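Engineer: One file is attached below, start_26.txt, containing compact mmCIF, C-alpha atoms and all ligand atoms.
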# COMPACT_ATOMS: atom_id res chain seq x y z
CA MET A 268 2.85 -14.01 -12.94
CA ILE A 269 2.87 -14.00 -9.14
CA ALA A 270 5.96 -15.23 -7.29
CA ILE A 271 5.37 -16.58 -3.80
CA ARG A 272 7.85 -16.09 -1.00
CA LEU A 273 7.19 -17.88 2.26
CA HIS A 274 8.61 -16.35 5.42
CA PRO A 275 8.91 -18.01 8.84
CA ASP A 276 7.44 -14.92 10.52
CA LYS A 277 6.48 -11.26 10.01
CA GLN A 278 9.90 -10.06 11.05
CA SER A 279 11.68 -12.07 8.34
CA ALA A 280 9.30 -10.77 5.70
CA ALA A 281 9.85 -7.21 6.92
CA GLN A 282 13.63 -7.63 6.84
CA ALA A 283 13.63 -9.10 3.32
CA ILE A 284 11.49 -6.31 1.86
CA ALA A 285 13.30 -3.56 3.78
CA ARG A 286 16.61 -4.88 2.42
CA GLU A 287 15.20 -4.83 -1.09
CA ILE A 288 14.10 -1.21 -0.64
CA ALA A 289 17.48 -0.21 0.79
CA ASP A 290 19.29 -1.89 -2.14
CA LEU A 291 17.04 -0.13 -4.63
CA ILE A 292 17.69 3.26 -3.00
CA ALA A 293 21.45 2.58 -3.08
CA ILE A 294 21.46 1.57 -6.76
CA ARG A 295 19.29 4.46 -7.90
CA SER A 296 21.03 7.13 -5.88
CA GLU A 297 24.41 6.01 -7.29
CA SER A 298 23.21 7.37 -10.63
CA GLY A 299 21.57 10.40 -9.02
CA LYS A 300 18.02 9.10 -9.44
CA PRO A 301 15.22 9.27 -6.86
CA THR A 302 13.48 6.10 -5.68
CA VAL A 303 9.70 6.24 -5.98
CA LEU A 304 7.89 4.07 -3.44
CA GLY A 305 4.18 3.26 -3.36
CA LEU A 306 3.11 2.74 0.25
CA ALA A 307 0.22 1.05 2.06
CA THR A 308 -1.35 1.54 5.47
CA GLY A 309 -3.14 -0.98 7.71
CA SER A 310 -1.61 -3.40 10.19
CA THR A 311 0.27 -5.54 7.65
CA PRO A 312 3.12 -3.16 6.67
CA LEU A 313 3.86 -2.09 10.27
CA PRO A 314 6.75 -4.57 10.79
CA LEU A 315 8.24 -3.37 7.46
CA TYR A 316 8.00 0.26 8.55
CA ALA A 317 9.59 -0.59 11.90
CA GLU A 318 12.44 -2.27 10.02
CA LEU A 319 12.94 0.73 7.70
CA ILE A 320 13.11 2.97 10.79
CA ARG A 321 15.69 0.61 12.29
CA LEU A 322 17.78 0.77 9.10
CA ARG A 323 17.69 4.57 9.30
CA ARG A 324 18.66 4.66 12.99
CA GLU A 325 21.13 1.80 13.21
CA ALA A 326 22.58 1.51 9.70
CA GLY A 327 22.38 5.23 8.88
CA ILE A 328 20.53 4.62 5.61
CA SER A 329 19.22 7.87 4.18
CA PHE A 330 15.80 8.23 2.58
CA ARG A 331 16.41 11.77 1.28
CA SER A 332 16.19 10.62 -2.33
CA VAL A 333 12.87 8.82 -1.78
CA ILE A 334 9.55 10.02 -3.17
CA THR A 335 6.41 8.35 -1.79
CA PHE A 336 2.85 7.90 -2.98
CA ASN A 337 0.36 6.31 -0.61
CA LEU A 338 -2.35 4.11 -2.03
CA ASP A 339 -5.36 5.66 -0.41
CA GLU A 340 -7.06 7.92 2.12
CA TYR A 341 -10.47 7.92 3.79
CA GLU A 342 -12.98 10.44 2.53
CA GLY A 343 -13.55 13.27 5.00
CA LEU A 344 -10.50 12.62 7.20
CA GLY A 345 -7.81 15.29 7.37
CA PRO A 346 -4.19 15.07 8.56
CA THR A 347 -5.08 15.71 12.20
CA HIS A 348 -7.76 13.00 12.38
CA PRO A 349 -6.39 10.08 14.44
CA GLN A 350 -7.58 7.51 11.88
CA SER A 351 -6.50 9.34 8.74
CA TYR A 352 -3.89 7.54 6.70
CA ARG A 353 -1.85 10.76 6.56
CA ARG A 354 -1.60 10.67 10.34
CA PHE A 355 -0.93 6.91 10.33
CA MET A 356 1.99 7.38 7.95
CA GLU A 357 3.41 10.32 9.91
CA GLU A 358 3.36 8.35 13.15
CA ASN A 359 4.47 4.97 11.88
CA LEU A 360 7.04 6.00 9.27
CA PHE A 361 7.58 9.53 8.01
CA ARG A 362 8.44 11.30 11.25
CA HIS A 363 11.20 8.74 11.85
CA LEU A 364 12.83 9.03 8.41
CA ASP A 365 14.50 11.88 6.50
CA ILE A 366 12.20 11.95 3.44
CA PRO A 367 11.74 15.63 2.44
CA ALA A 368 8.12 16.67 3.21
CA ALA A 369 7.64 17.83 -0.40
CA ASN A 370 8.34 14.26 -1.60
CA ILE A 371 5.42 12.75 0.35
CA HIS A 372 2.08 12.29 -1.42
CA ILE A 373 -1.22 11.03 0.00
CA PRO A 374 -4.65 11.60 -1.60
CA ASP A 375 -6.46 14.50 0.09
CA GLY A 376 -9.39 13.11 2.07
CA LEU A 377 -10.76 16.63 2.57
CA THR A 378 -10.79 17.62 -1.10
CA LYS A 379 -13.91 19.32 -2.43
CA ASN A 380 -13.04 18.15 -5.94
CA ALA A 381 -12.18 14.47 -5.84
CA ALA A 382 -11.97 14.07 -9.63
CA GLN A 383 -9.40 16.87 -9.92
CA ASN A 384 -7.46 15.71 -6.88
CA CYS A 385 -7.26 12.18 -8.30
CA ALA A 386 -6.21 13.41 -11.77
CA ASP A 387 -3.51 15.56 -10.11
CA TYR A 388 -2.35 12.49 -8.17
CA GLU A 389 -1.95 10.46 -11.36
CA GLU A 390 -0.02 13.34 -12.91
CA ALA A 391 2.27 13.64 -9.88
CA ILE A 392 3.10 9.92 -10.15
CA ARG A 393 3.89 10.34 -13.86
CA ASP A 394 6.00 13.45 -13.18
CA ALA A 395 8.01 11.51 -10.59
CA GLY A 396 8.85 8.95 -13.28
CA GLY A 397 6.39 6.26 -12.13
CA ILE A 398 6.52 4.01 -9.08
CA ASP A 399 9.63 1.84 -8.76
CA LEU A 400 8.35 -0.39 -5.97
CA GLN A 401 4.80 -0.68 -4.65
CA ILE A 402 3.97 -2.14 -1.23
CA LEU A 403 0.51 -3.72 -1.00
CA GLY A 404 -1.64 -5.42 1.61
CA ILE A 405 -4.80 -7.30 0.65
CA GLY A 406 -8.30 -6.94 2.04
CA ARG A 407 -10.64 -9.89 2.62
CA THR A 408 -12.84 -8.59 -0.22
CA GLY A 409 -9.86 -8.96 -2.58
CA HIS A 410 -9.18 -5.24 -2.57
CA ILE A 411 -5.74 -3.81 -3.26
CA GLY A 412 -5.54 -0.18 -2.23
CA PHE A 413 -9.26 0.45 -1.74
CA ASN A 414 -10.18 -1.05 -5.10
CA GLU A 415 -13.19 -2.98 -3.89
CA PRO A 416 -14.97 -5.48 -6.13
CA PRO A 417 -15.91 -4.75 -8.83
CA SER A 418 -12.78 -2.84 -9.94
CA SER A 419 -11.63 -3.11 -13.52
CA ALA A 420 -8.04 -3.50 -14.65
CA ASP A 421 -8.11 -0.06 -16.26
CA SER A 422 -9.38 1.79 -13.17
CA ARG A 423 -7.45 4.91 -12.16
CA THR A 424 -7.14 6.99 -8.99
CA ARG A 425 -10.71 7.86 -7.98
CA TRP A 426 -13.36 8.07 -5.27
CA VAL A 427 -14.73 4.65 -4.24
CA ARG A 428 -17.44 3.38 -1.92
CA LEU A 429 -16.01 1.08 0.75
CA ASP A 430 -17.35 -2.45 1.03
CA GLU A 431 -19.20 -3.20 4.28
CA VAL A 432 -16.76 -6.08 4.95
CA THR A 433 -13.88 -3.59 4.75
CA ARG A 434 -15.69 -1.08 6.99
CA ARG A 435 -16.26 -3.83 9.55
CA ASP A 436 -12.64 -5.06 9.34
CA ASN A 437 -11.38 -1.52 9.92
CA SER A 438 -13.93 -0.57 12.58
CA ALA A 439 -11.67 -1.75 15.42
CA PHE A 440 -9.42 1.26 14.74
CA PHE A 441 -12.39 3.66 14.91
CA GLY A 442 -13.99 2.11 18.00
CA ASP A 443 -17.41 2.05 16.37
CA MET A 444 -18.61 0.96 12.92
CA SER A 445 -20.69 4.13 12.54
CA LEU A 446 -17.51 6.24 12.62
CA VAL A 447 -15.89 4.42 9.68
CA PRO A 448 -16.13 6.54 6.51
CA HIS A 449 -18.22 5.17 3.65
CA GLY A 450 -15.86 6.35 0.93
CA ALA A 451 -12.19 6.75 0.12
CA LEU A 452 -9.83 7.98 -2.56
CA THR A 453 -7.63 5.24 -3.96
CA MET A 454 -5.06 4.64 -6.67
CA GLY A 455 -6.70 2.54 -9.36
CA VAL A 456 -5.82 -1.01 -10.39
CA ALA A 457 -4.12 0.32 -13.55
CA THR A 458 -2.16 2.82 -11.46
CA ILE A 459 -0.92 -0.01 -9.22
CA LEU A 460 -0.13 -2.31 -12.16
CA GLN A 461 2.12 0.40 -13.65
CA ALA A 462 4.53 0.11 -10.72
CA ARG A 463 7.72 -1.57 -11.95
CA ARG A 464 7.81 -3.99 -9.01
CA ILE A 465 5.05 -5.01 -6.57
CA GLU A 466 5.53 -6.55 -3.13
CA LEU A 467 2.26 -7.73 -1.58
CA ILE A 468 2.36 -8.77 2.06
CA ALA A 469 -0.22 -10.97 3.82
CA PHE A 470 -0.03 -12.47 7.29
CA GLY A 471 -2.29 -14.84 9.17
CA GLU A 472 -5.03 -17.39 8.50
CA ALA A 473 -7.69 -14.71 8.02
CA LYS A 474 -6.00 -13.84 4.70
CA ALA A 475 -5.51 -17.45 3.49
CA GLU A 476 -8.70 -17.74 1.44
CA ILE A 477 -8.34 -14.38 -0.32
CA VAL A 478 -4.65 -15.08 -1.04
CA ARG A 479 -5.68 -18.39 -2.63
CA ARG A 480 -8.31 -16.65 -4.77
CA ALA A 481 -5.90 -13.88 -5.81
CA ILE A 482 -3.40 -16.44 -7.06
CA LYS A 483 -5.65 -19.20 -8.42
CA GLU A 484 -8.79 -17.53 -9.78
CA ALA A 485 -8.90 -16.16 -13.31
CA PRO A 486 -8.32 -12.38 -13.27
CA SER A 487 -11.61 -10.50 -12.86
CA ALA A 488 -13.10 -7.32 -11.44
CA GLY A 489 -14.88 -9.48 -8.82
CA CYS A 490 -11.56 -10.08 -7.03
CA PRO A 491 -9.36 -7.08 -7.89
CA ALA A 492 -6.17 -8.67 -6.47
CA THR A 493 -6.37 -11.27 -9.28
CA TRP A 494 -5.29 -8.51 -11.71
CA LEU A 495 -1.83 -8.78 -10.12
CA GLN A 496 -1.38 -12.03 -12.08
CA ARG A 497 -0.90 -9.82 -15.13
CA HIS A 498 2.05 -8.00 -13.59
CA PRO A 499 5.52 -9.12 -14.75
CA ARG A 500 7.19 -8.66 -11.38
CA CYS A 501 4.84 -9.21 -8.44
CA THR A 502 5.79 -11.14 -5.29
CA PHE A 503 3.43 -12.28 -2.52
CA HIS A 504 5.25 -12.35 0.82
CA LEU A 505 3.36 -14.76 3.06
CA ASP A 506 3.66 -16.38 6.46
CA ALA A 507 2.46 -19.96 7.00
CA GLY A 508 -1.04 -18.81 8.00
CA ALA A 509 -1.64 -16.72 4.88
CA ALA A 510 -0.22 -19.51 2.67
CA GLN A 511 -2.21 -22.36 4.17
CA ALA A 512 -4.87 -22.58 1.43
CA LEU A 513 -2.37 -22.75 -1.43
C1 LIG A 601 -4.21 0.27 2.97
C2 LIG A 601 -4.83 -0.47 1.87
C3 LIG A 601 -5.57 -1.74 2.08
C4 LIG A 601 -4.95 -2.67 3.13
C5 LIG A 601 -5.83 -3.90 3.35
C6 LIG A 601 -5.27 -4.83 4.39
O1 LIG A 601 -3.56 1.43 2.48
O2 LIG A 601 -4.74 -0.02 0.78
O3 LIG A 601 -5.68 -2.41 0.85
O4 LIG A 601 -3.69 -3.06 2.68
O5 LIG A 601 -7.11 -3.49 3.73
O6 LIG A 601 -5.31 -4.19 5.63
P1 LIG A 601 -4.58 -4.83 6.90
O7 LIG A 601 -3.12 -4.76 6.62
O8 LIG A 601 -4.95 -3.94 8.06
O9 LIG A 601 -5.08 -6.24 7.02
Write the structure described by the file as structure tokens, please.
Ligand code: F6R

Structural biologist:
Amino acid sequence: MIAIRLHPDKQSAAQAIAREIADLIAIRSESGKPTVLGLATGSTPLPLYAELIRLRREAGISFRSVITFNLDEYEGLGPTHPQSYRRFMEENLFRHLDIPAANIHIPDGLTKNAAQNCADYEEAIRDAGGIDLQILGIGRTGHIGFNEPPSSADSRTRWVRLDEVTRRDNSAFFGDMSLVPHGALTMGVATILQARRIELIAFGEAKAEIVRRAIKEAPSAGCPATWLQRHPRCTFHLDAGAAQAL
């Protein structure tokens, strides 16, 4: 069941989700529990990350009890590569918050043993007690994380080949399509569906058609975001552009 929340603009969506995260941290830390967040990269969550940084700076909210797991990382890109998701997260979120470095998890794009690295990632999520709240964007192929079509509902963290549509959409960041990696490591659909709460964010007309499909089409591997319909607590946060085909 997907709940839809319409926001007047990106900033309002960011504020609503940041408030939800702050409330969750407050409730869980009252009973001495960590808060496990699943995080996304890309342009969509940037206003949310800016808002979390503002809450840290201006409201003094602490993120010391937070444990994070990012959805994905490009194959072959290490932490110092300007386009790696590790670097993206450092610059746009982590370096501005007080999350202990040991609590931050991102798949290792430089691993020589992807299968082992992915199995270890699944285990680390389990050991942390599972993800309390997962942030998602959505790709125009219907991907969540980098689960490109076809991705089954029982898929787990693994190596995937990126769709050419995704490579083209992300090429602006790399300057040239030939520099965009062909593969990535990503949490699986089943890994994502195990999060206790999911907040998907989509902004702009370019996402309207895939948002419509994700909500209206029968769940199938051909549009991986449709699997979210099976989640008991998933909200799509949309602006007017992303909601226009509903
Ligand atoms: C990023 C990720 C992707 C993006 C999606 C949308 O970690 O997993 O699924 O959320 O490609 O990207 P943007 O936000 O750049 O439109």

Engineer: Please, what distance in Å, to one decimal, runs between atom CA of A:Asp375 and atom CA of A:Pro491?

Structural biologist: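 Going from atom CA of A:Asp375 over to atom CA of A:Pro491, I get 23.2 Å.
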
Engineer: Measuring between only C-alpha atoms, which one of A:Pro346, A:Gly299, A:Pro374, A:Gly508 shows the shortest distance to A:Tyr388?

Structural biologist: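 Counting only C-alpha atoms, the residue closest to A:Tyr388 is A:Pro374.
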
Engineer: So, with only C-alpha atoms and all ligand atoms as the atoms that count, which of A:Glu472, A:Glu431, A:Asp436, A:Glu484 lies closest to ligand LIG 601 (chain A)?

Structural biologist: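 Closest candidate: A:Asp436.
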
Engineer: Ligand LIG 601 (chain A), all listed atoms, 4 Å padding on each side: what axis-aligned box centre and edge lengths in Å to one decimal come out, as lines of an AutoDock Vina configuration file?

Structural biologist:
center_x = -5.1
center_y = -2.4
center_z = 4.4
size_x = 12.0
size_y = 15.7
size_z = 15.3

Engineer: What residues have any atom no more than 6 Å from ligand LIG 601 (chain A) when counting only C-alpha atoms and all ligand atoms, and can you list them as a ChimeraX atom specification?

Structural biologist: /A:307-311,338-339,403-406,410-413

Engineer: Those same residues - C-alpha atoms - I'd like them written as a compact mmCIF listing (two decimals), in the frame of the given file.

Structural biologist:
# COMPACT_ATOMS: atom_id res chain seq x y z
CA ALA A 307 0.22 1.05 2.06
CA THR A 308 -1.35 1.54 5.47
CA GLY A 309 -3.14 -0.98 7.71
CA SER A 310 -1.61 -3.40 10.19
CA THR A 311 0.27 -5.54 7.65
CA LEU A 338 -2.35 4.11 -2.03
CA ASP A 339 -5.36 5.66 -0.41
CA LEU A 403 0.51 -3.72 -1.00
CA GLY A 404 -1.64 -5.42 1.61
CA ILE A 405 -4.80 -7.30 0.65
CA GLY A 406 -8.30 -6.94 2.04
CA HIS A 410 -9.18 -5.24 -2.57
CA ILE A 411 -5.74 -3.81 -3.26
CA GLY A 412 -5.54 -0.18 -2.23
CA PHE A 413 -9.26 0.45 -1.74

Engineer: Using only C-alpha atoms, which residue out of A:Gln511, A:Ser422, A:Asn380, A:Asn359 lies closest to A:Ala469?

Structural biologist: A:Gln511

Engineer: Smallest atom-to-atom distance to A:Trp426: which of A:Asp290, A:Glu342, A:Asp399, A:Glu318, using all atoms listed in the file?

Structural biologist: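 So, comparing all the options, the nearest one is A:Glu342.
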
Engineer: Quick check, in Å to one decimal: how far apart do atom CA of A:Pro349 and atom CA of A:Phe470 lie?

Structural biologist: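 Computing it gives 24.5 Å between the two atoms.
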
Engineer: Do you have, as JSON lines, the list of residues of stretch 317-425 of chain A lying at most 12 Å from stretch 282-288 of chain A, each with its nearest atom pair and that distance in Å to one decimal, counting all atoms listed in the file and ordered by chain then number?

Structural biologist:
{"residue": "A:Ala317", "atom": "CA", "partner": "A:Ala285", "partner_atom": "CA", "distance": 9.4}
{"residue": "A:Glu318", "atom": "CA", "partner": "A:Gln282", "partner_atom": "CA", "distance": 6.3}
{"residue": "A:Leu319", "atom": "CA", "partner": "A:Ala285", "partner_atom": "CA", "distance": 5.8}
{"residue": "A:Ile320", "atom": "CA", "partner": "A:Ala285", "partner_atom": "CA", "distance": 9.6}
{"residue": "A:Arg321", "atom": "CA", "partner": "A:Ala285", "partner_atom": "CA", "distance": 9.8}
{"residue": "A:Leu322", "atom": "CA", "partner": "A:Ala285", "partner_atom": "CA", "distance": 8.2}
{"residue": "A:Arg323", "atom": "CA", "partner": "A:Ala285", "partner_atom": "CA", "distance": 10.8}
{"residue": "A:Ala326", "atom": "CA", "partner": "A:Arg286", "partner_atom": "CA", "distance": 11.4}
{"residue": "A:Ile328", "atom": "CA", "partner": "A:Ile288", "partner_atom": "CA", "distance": 10.7}
{"residue": "A:Ser329", "atom": "CA", "partner": "A:Ile288", "partner_atom": "CA", "distance": 11.5}
{"residue": "A:Phe330", "atom": "CA", "partner": "A:Ile288", "partner_atom": "CA", "distance": 10.1}
{"residue": "A:Val333", "atom": "CA", "partner": "A:Ile288", "partner_atom": "CA", "distance": 10.2}
{"residue": "A:Asp399", "atom": "CA", "partner": "A:Ile288", "partner_atom": "CA", "distance": 9.8}
{"residue": "A:Leu400", "atom": "CA", "partner": "A:Ile288", "partner_atom": "CA", "distance": 7.9}
{"residue": "A:Gln401", "atom": "CA", "partner": "A:Ile288", "partner_atom": "CA", "distance": 10.1}
{"residue": "A:Ile402", "atom": "CA", "partner": "A:Ile284", "partner_atom": "CA", "distance": 9.1}
{"residue": "A:Leu403", "atom": "CA", "partner": "A:Ile284", "partner_atom": "CA", "distance": 11.6}

Engineer: Within 10 Å of (-16.9, -4.0, -5.2), only C-alpha atoms: residues as number ranges by chain?

Structural biologist: A: 408-410, 413-419, 427-431, 488-491

Engineer: Can you tell me which residues surround A:Asp394 at a distance of at most 12 Å, considering all atoms listed in the file, apart from same-chain residues fewer than 6 positions away, and format the answer as a PyMOL selection string?

Structural biologist: chain A and resi 301+303+334+370+387-388

Engineer: Record the distance separating atom CA of A:Leu306 and atom CA of A:Arg479, expressed in Å with one decimal.

Structural biologist: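 For atom CA of A:Leu306 relative to atom CA of A:Arg479, the distance reads 23.1 Å.
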
Engineer: Which one of A:Cys385, A:Leu377, A:Ala293, A:Met268 sits closest to A:Thr453 if you count all atoms listed in the file?

Structural biologist: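 Of all the options, A:Cys385 lies closest to A:Thr453.
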
Engineer: Nearest to A:Lys277 among A:Leu446, A:Ile482, A:Ile468, A:Leu291, with distances taken over only C-alpha atoms: which residue is it?

Structural biologist: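 Using only C-alpha atoms, the shortest distance to A:Lys277 belongs to A:Ile468.
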
Engineer: Could you name the residues that touch A:Ala481 at 9 Å or less, counting all atoms listed in the file, but leaving out those on the same chain fewer than 5 positions away, as a VMD selection string?

Structural biologist: chain A and resid 409 476 486 490 to 496

Engineer: Counting all atoms listed in the file, note down every residue that has an atom within 8 Å of the point (3.0, -18.1, 5.8) (file coordinates), as a PyMOL selection string.

Structural biologist: chain A and resi 273-276+470-471+504-511
